[in-house]
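I have placed the structure first, in the form of structure tokens, so that the comments after it can refer back to it.
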Amino acid sequence: MNNNLSNNNIASKYTEEGFVAPIEVMTPKETLHLRLDFEDAEAELVNQPEKQALLRSYPNRLLPSFDALTRNSKLIDAASAVLGPDLMVWSAALFIKEKKSTKIVSWHQDLTYWGLDDIQETTCWFALSDASEEAGCMKFVPGTHKSKIVEHIDTFADNNLLTRGQEIAVDVNESEAVVAALQAGQASMHHGLLFHSSGPNQTNDRRIGSAIRYIKPSMKQETGDRSLVTLVNGQDIFKNFKVVDPPKGRLLEEEFELCREDDNLKKKLLF
């Protein structure tokens with residue numbers, strides 16, 4: 001994506017193809033600081049696997065630097081171009097493929113299992129490390145967001161990063177796929193119904209990305225549950241979610257407890 005694209009052009013490309021990439025978000029130096037903050041937190045929790053898992057699922061709740069990332073003006077502008085000014089973050093989970101990892105993400109549509117009542121969502125996938133094709137960057141099939149949710153099967157495959165190893169049950173024409181390689185500090189943005197996947201990481205560095213799920217406040221969980229969100233732009237007049245303030249500090253126990261409660265709810269919704 002040309003950095004000078006207007007919001008109208010972003011919206012037009014997104015409407016037609018279902019994704020926009022790359023979006024320039026941070027400098028390499030800023031991105032490295034963010035990555036090191038996360039990896040320092042990982043190291044601090046090395047003997048606490050439950051908390052480490054929550055850190056990967058809720059970096060924006062446990063690290064103020066990641067809350068700030070979700071509020072980055074360039075991401076907000078991009079998401080606002082397709083959703084409007086009122087934005088919540090439903091999740092900002094990290095997807096990590098260790099160096100020389102065989103882990104993959106199968107072809108799927110994001111909104112398949114989230115239990116949300118509408119499609120007013122977009123994912124801004126921010127690269128904390130280089131996400132080249134060799135590193136297992138995302139691939140998109142342009143235009144597939146125009147279809148409804150298609151049938152998926154749950155594979156629960158060990159090498160799949162998705163919660164259920166969910167995979168599209170219909171044939172995907174991979175020859176039509178577009179490789180969305182990103183440099184550290186760049187992001188892509190894709191529609192929740194777009195077919196996408198990613199391959200293994202064949203490099204000597206970790207491939208780390210934060211999948212920031214922006215939703216409109218008018219959305220709600222179909223079950224009526226109030227999952228944990230942050231309001232990052234505009235206002236919420238609907239009160240369909242549990243809206244919390246930015247974290248008051250780094251790796252706070254009260255934040256871990258909030259994350260545990262929401263993690264239990266999400267497991268109910270996702271599994």
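Simple scheme: letters A, B, ... for chains in structure tokens order, numbers from 1 for residues in each chain, numbers from 1 for ligands in the order shown.
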
Report task. Tell me, as a PyMOL selection string, which residues lie within 9 Å of Asp236 (chain A), counting only C-alpha atoms; anything in the same chain fewer than 3 positions away does not count. Result -> chain A and resi 86-88+216-218+231+239-240

Region 9-106 of chain A near region 192-214 of chain A within 12 Å: what's each residue's closest atom pair and its distance in Å to one decimal, counting only C-alpha atoms, ordered by chain then ascending residue number, as CSV?
residue,atom,partner,partner_atom,distance
A:Tyr14,CA,A:Leu194,CA,10.5
A:Thr15,CA,A:Leu194,CA,11.1
A:Glu16,CA,A:Leu194,CA,11.3
A:Glu17,CA,A:Leu194,CA,8.8
A:Gly18,CA,A:Leu194,CA,6.2
A:Phe19,CA,A:Leu194,CA,8.0
A:Val20,CA,A:Leu194,CA,11.7
A:Thr31,CA,A:Gly209,CA,11.1
A:Leu32,CA,A:Ile208,CA,11.5
A:Leu34,CA,A:Ser210,CA,11.1
A:Arg35,CA,A:Ile208,CA,8.4
A:Leu36,CA,A:Ile208,CA,11.5
A:Phe38,CA,A:Ile208,CA,10.2
A:Glu39,CA,A:Ile208,CA,10.5
A:Leu55,CA,A:Ser210,CA,11.6
A:Arg56,CA,A:Ser210,CA,9.0
A:Ser57,CA,A:Ser210,CA,9.4
A:Tyr58,CA,A:Ser210,CA,9.9
A:Pro59,CA,A:Ser210,CA,8.6
A:Asn60,CA,A:Ile212,CA,9.4
A:Phe66,CA,A:Ser210,CA,9.0
A:Asp67,CA,A:Ile212,CA,10.4
A:Ala68,CA,A:Ile212,CA,11.8
A:Leu69,CA,A:Ile212,CA,9.2
A:Thr70,CA,A:Ile212,CA,6.9
A:Arg71,CA,A:Ile212,CA,10.3
A:Asn72,CA,A:Ile212,CA,11.3
A:Leu75,CA,A:Ile212,CA,9.3
A:Ile76,CA,A:Tyr214,CA,9.0
A:Asp77,CA,A:Tyr214,CA,11.6
A:Ala78,CA,A:Tyr214,CA,10.5
A:Ala79,CA,A:Tyr214,CA,7.0
A:Ser80,CA,A:Tyr214,CA,9.2
A:Ala81,CA,A:Tyr214,CA,11.8
A:Val82,CA,A:Tyr214,CA,10.4
A:Leu83,CA,A:Tyr214,CA,8.5
A:Gly84,CA,A:Tyr214,CA,10.7
A:Pro85,CA,A:Tyr214,CA,11.0
A:Asp86,CA,A:Tyr214,CA,9.6
A:Leu87,CA,A:Tyr214,CA,6.1
A:Met88,CA,A:Tyr214,CA,5.5
A:Val89,CA,A:Tyr214,CA,4.7
A:Trp90,CA,A:Arg213,CA,5.5
A:Ser91,CA,A:Arg213,CA,5.2
A:Ala92,CA,A:Ile212,CA,4.1
A:Ala93,CA,A:Ser210,CA,5.6
A:Leu94,CA,A:Ser210,CA,4.4
A:Phe95,CA,A:Gly209,CA,5.3
A:Ile96,CA,A:Ile208,CA,4.6
A:Lys97,CA,A:Arg207,CA,5.1
A:Glu98,CA,A:Arg206,CA,4.5
A:Lys99,CA,A:Arg206,CA,4.7
A:Lys100,CA,A:Gln202,CA,4.6
A:Ser101,CA,A:Asn201,CA,5.1
A:Thr102,CA,A:Pro200,CA,4.7
A:Lys103,CA,A:Pro200,CA,5.2
A:Ile104,CA,A:Gly199,CA,4.8
A:Val105,CA,A:Ser198,CA,5.0
A:Ser106,CA,A:Ser197,CA,5.1
